[in-house]
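S.K.: Dropping a structure here in structure tokens format, bear with me for questions.
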Amino acid sequence: MTELTEQREWQALKRHQEQIASMQLRACFAEDQTRFSRFSLEVGSLFLDYSRNRISDETLELLTQLATVSRLKEKINALMSGASVNVTENRAALHTALRNQDPSPLFIKDQNVKALIASAQEKMRQCTADIHSQRWRGVTGKPIKHIVNIGIGGSYLGPKMLIDALADDAVCDLQFHFISSVDAAHRQDILQHINPEQTLFIISSKSFTTLETMTNAKAVIAWMQAQLGVSLALILKQHVIAITAAADQAKQFGIAAEHIFPIWDFVGGRYSIWSAMGLPLMLKIGAAGFQAFLNGAYEMDQHFSQAPWSHNMPVLLALLGIWYMNFFDTKVQAIVPYAHRLRYLIPYLQQAEMESNGKNISLRGKNISYATSAVIFGEEGCNGQHAYHQLLHQGQHLIPVDFILVAKAQALSRNDDHDILIASALSQAKALMWGKTESEAYNELIAAKYSQDAASLLAKHQVVPGNRPSNLLVLQDLSPHTLGALIALYEHKIFVQGAIWEINSFDQWGVELGKQFLPAILQQVRCEVIIHLLP
Ligand code: F6P
């Protein structure tokens, strides 16, 4: 098989990039009144305006040809039908099955995964009902008021992001807390705000071996015992549940089978928010809200598996990412939500994208020569605007931006706030694209009564190159349904990029190496003064 970079379609894109390198977006908009309508797309409650990209119809044609020769259709089918797409761990990656509303069974080997999922979802609903109705009580007979999620990575970032994003959809007054990194200071900050009599700890760990999570779990359970003065067995029975694929280990830990919620090896940690890992979210927004979240994702799954590449939102986002990374040599992608509620989307996407596609070996075991995965960074819009956006506008790096806006104001926002948010995002996108020429700057300065000499000098500093790409992703609202579609959109974008780059987006051997070194080094740290360990 020909190397990706040697393929005809890749080479055609390279030549095309050279031809359009000097393309100016200002001119493109001036010459073509239809650019916005041609380069925008609506799917359910998401609207994508990708007209501010350095692309033409030919670019899209060539990029979609690359998707086709990468056998993308076949790869999507393999993903969704439960083939072992995670080849290095010989596993499926069936996060889409968790939200699939089609009642027909789906088998991996002899196991109908839909039945496993349905039974886990029923258990989540039951637990949610028990806690909301106050049937579930702590050892002193008081109802649960605090939920503390102990988990890290995929067992933390999804619930954390969505609990915050969907704050306005809460159906209860439970308070949610997260302990992720291992640091007594963090634990202490949380423990001092909870009442042990009214707290339920959720130990979320697919492997049930992650050192940070297990250390935190043991520490909070010891704290509970000290606070409540009751047996370990009682604490575990009434104040602790586990979400894990390693039920035996959770049982050994002392957690009763009825308080263990399953996930399976066919669901990757960073794709697990749709599983029992989403229990904190179901507790927050209720079973109906959680179902709406799944439905939103399912709607995106259907669009992804059916729409032609040129009208397929995840595919377009993925191809644009490839266009910049592999043909303009960009290294970074900014995610800029103009919504406070979406600020934790950035770390969520950092894990989703960088842990999935930060790879250097192809599926065929060859070293690869092209970039995979951008460095994802960002900040909620207005904050970033008054911090690092200067570099986006005038820095030496070309950094594509995804601006994320919410069309409908949240109940809490005064309309004026919301108008400012929307206008800010649009101004940033326009400034990036439009820029300012030296003569425009000079004329403005002369109009502001600067001398000619001062205006000539200052104008040079005020030149903003423009022509910098961005997408504008507009969410109709911040509802569970829309958020489900948004997360699924990015999941599929990541999948498409991995499929074209011919890498395994579902393993993380680099992370595993750090885990492998840790026990021995920890042993040394415990015995020695830290300075002796440094090289
Ligand atoms: O960071 C590596 C990783 O394996 C992630 O993929 C995962 O989400 C996280 O650790 C937590 O793992 P676990 O759920 O097994 O504790």
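Chain lettering (A, B, ...) mirrors the order of the structure tokens, residue numbering begins at 1 for each chain separately, and ligand numbering begins at 1 in order of display.
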Could you pull out the residues in stretch 172-310 of chain A that DSSP calls strand (DSSP E) from the backbone, as a list in words?
M.R.: Gln175, Phe176, His177, Phe178, Ile179, Thr199, Leu200, Phe201, Ile202, Ile203, Ser204, Val240, Ile241, Ala242, Ile243, Thr244, Ile260, Phe261 and Pro262 of chain A
S.K.: Select from chain A every residue with an atom at most 7 Å from any atom of ligand 1, then for each give the shortest pair of atoms and their distance in Å to one decimal, using only C-alpha atoms and all ligand atoms, rows by chain and rising number, as a Markdown table.
M.R.:
| residue | atom | partner | partner_atom_place_in_ligand_line | distance |
| --- | --- | --- | --- | --- |
| A:Gly151 | CA | ligand 1 | 16 (O) | 6.1 |
| A:Ile152 | CA | ligand 1 | 11 (C) | 5.0 |
| A:Gly153 | CA | ligand 1 | 8 (O) | 4.0 |
| A:Gly154 | CA | ligand 1 | 8 (O) | 3.3 |
| A:Ser155 | CA | ligand 1 | 14 (O) | 4.9 |
| A:Ser204 | CA | ligand 1 | 14 (O) | 6.2 |
| A:Ser205 | CA | ligand 1 | 14 (O) | 3.4 |
| A:Lys206 | CA | ligand 1 | 14 (O) | 3.8 |
| A:Ser207 | CA | ligand 1 | 15 (O) | 3.6 |
| A:Phe208 | CA | ligand 1 | 15 (O) | 5.7 |
| A:Thr209 | CA | ligand 1 | 16 (O) | 6.4 |
| A:Thr210 | CA | ligand 1 | 16 (O) | 4.5 |
| A:Thr213 | CA | ligand 1 | 16 (O) | 6.4 |
| A:Gly268 | CA | ligand 1 | 6 (O) | 6.9 |
| A:Gly269 | CA | ligand 1 | 8 (O) | 3.9 |
| A:Arg270 | CA | ligand 1 | 8 (O) | 5.0 |
| A:Gln508 | CA | ligand 1 | 6 (O) | 6.7 |
| A:Val511 | CA | ligand 1 | 2 (C) | 5.5 |
| A:Glu512 | CA | ligand 1 | 2 (C) | 6.9 |
S.K.: Quick one: write out the picked residues with C-alpha atoms as a compact mmCIF listing (two decimals), in the first residue's frame?
M.R.:
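Written out: out.txt:
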# COMPACT_ATOMS: atom_id res chain seq x y z
CA GLY A 151 -11.85 9.73 39.15
CA ILE A 152 -9.42 11.17 36.63
CA GLY A 153 -9.06 11.56 32.84
CA GLY A 154 -12.10 10.14 31.09
CA SER A 155 -13.56 9.22 34.47
CA SER A 204 -15.12 6.15 38.84
CA SER A 205 -12.33 4.09 37.37
CA LYS A 206 -12.62 1.81 34.40
CA SER A 207 -9.50 -0.10 35.47
CA PHE A 208 -9.97 0.33 39.23
CA THR A 209 -6.19 0.55 39.49
CA THR A 210 -5.45 4.19 38.67
CA THR A 213 -8.16 7.50 42.08
CA GLY A 268 -12.79 3.89 25.88
CA GLY A 269 -12.26 6.05 28.98
CA ARG A 270 -12.32 9.32 27.03
CA GLN A 508 -2.68 5.45 24.77
CA VAL A 511 0.32 7.37 29.02
CA GLU A 512 0.74 3.73 29.98
S.K.: For A:Ile500, which residue out of A:Glu380, A:Glu74, A:Asp265, A:Asp57 is the nearest one, using only C-alpha atoms?
M.R.: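 Counting only C-alpha atoms, the residue closest to A:Ile500 is A:Glu74.
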S.K.: Excluding A:Asn367 and residues on its chain fewer than 5 positions from it, collect all residues at most 12 Å away from it, counting only C-alpha atoms, and give them as JSON, numbers by chain.
M.R.: {"A": [3, 4, 359, 360, 361, 362, 372, 501, 502, 503]}
S.K.: Keeping only C-alpha atoms, take the residues you just selected and write them out as an mmCIF file, in the first residue's frame.
M.R.:
data_model
loop_
_atom_site.group_PDB
_atom_site.id
_atom_site.type_symbol
_atom_site.label_atom_id
_atom_site.label_comp_id
_atom_site.auth_asym_id
_atom_site.auth_seq_id
_atom_site.Cartn_x
_atom_site.Cartn_y
_atom_site.Cartn_z
ATOM 1 C CA GLU A 3 2.206 5.736 2.081
ATOM 2 C CA LEU A 4 -0.429 8.346 2.864
ATOM 3 C CA LYS A 359 0.452 9.133 17.876
ATOM 4 C CA ASN A 360 3.534 8.471 15.748
ATOM 5 C CA ILE A 361 2.973 4.903 14.543
ATOM 6 C CA SER A 362 0.588 3.903 11.789
ATOM 7 C CA THR A 372 -1.285 14.018 13.956
ATOM 8 C CA TRP A 501 -3.889 9.419 9.334
ATOM 9 C CA GLU A 502 -4.131 5.621 9.629
ATOM 10 C CA ILE A 503 -3.510 5.582 13.367
#
S.K.: Kindly indicate which residue among A:Pro105, A:Pro400, A:Pro196, A:Gly510 lies nearest to A:Ile144, using only C-alpha atoms for the distances.
M.R.: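 Closest to A:Ile144, using only C-alpha atoms: A:Pro196.
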S.K.: Which one of A:Ile487, A:Leu319, A:Ala233, A:Leu162 sits closest to A:Leu62 if you count only C-alpha atoms?
M.R.: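 Going through A:Ile487, A:Leu319, A:Ala233, A:Leu162 one by one, the smallest distance to A:Leu62 is for A:Leu319.
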S.K.: Could you pull the residues within 10 Å of A:Ala165, counting only C-alpha atoms, minus those fewer than 5 positions along the same chain, as a list in words?
M.R.: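 Residues near the query, excluding close chain neighbours: Pro159, Lys160, Ala339, His340, Arg341, Leu342, Arg343, Tyr344, Leu345, Leu478, Ser479, Pro480 and Leu483 of chain A.
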S.K.: Selection from above, C-alpha atoms, as a compact mmCIF listing (two decimals), in the first residue's frame, can you write it?
M.R.:
# COMPACT_ATOMS: atom_id res chain seq x y z
CA PRO A 159 -19.00 14.57 34.13
CA LYS A 160 -17.18 17.70 35.32
CA ALA A 339 -20.07 30.72 27.15
CA HIS A 340 -18.93 30.46 30.74
CA ARG A 341 -20.85 27.20 31.04
CA LEU A 342 -18.62 25.65 28.37
CA ARG A 343 -15.26 26.50 29.90
CA TYR A 344 -14.51 22.89 30.83
CA LEU A 345 -15.06 21.81 27.24
CA LEU A 478 -27.24 24.83 26.04
CA SER A 479 -29.58 21.88 26.43
CA PRO A 480 -28.71 18.22 27.09
CA LEU A 483 -24.55 19.14 24.24
S.K.: In Å, how far is it from atom CA of A:Val496 to atom CA of A:Glu355?
M.R.: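 Going from atom CA of A:Val496 over to atom CA of A:Glu355, I get 14.9 Å.
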S.K.: Counting only C-alpha atoms, figure out which residue out of A:Met23, A:Lys123, A:Gly278, A:Asn326 gets nearest to A:Gln11.
M.R.: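 Among the listed residues, A:Asn326 lies closest to A:Gln11.
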S.K.: May I have the residues within 9 Å of A:Gln175 as number ranges by chain, using only C-alpha atoms and disregarding those fewer than 6 positions away in the same chain?
M.R.: A: 145-148, 194, 284
S.K.: For a quick check of understanding, using only C-alpha atoms, which of A:Glu258, A:Glu528, A:Glu6, A:Asp301 has the smallest distance to A:Ile368?
M.R.: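 Smallest distance to A:Ile368 is found for A:Glu6.
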S.K.: Do you have the atom CA of A:Leu457-atom CA of A:Gly384 distance handy?
M.R.: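 The value is 28.2 Å.
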S.K.: Quick check for you: according to DSSP on this backbone, which residues of stretch 178-252 of chain A are classed as alpha helix (DSSP H)? Reply as a PyMOL selection string.
M.R.: chain A and resi 184-191+211-228+232-239+247-252
S.K.: In terms of the shortest atom-to-atom distance over only C-alpha atoms, which of A:Ala120, A:Leu522, A:Ile243, A:Met433 is closest to A:Ala27?
M.R.: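 Nearest candidate to A:Ala27 out of A:Ala120, A:Leu522, A:Ile243, A:Met433: A:Met433.
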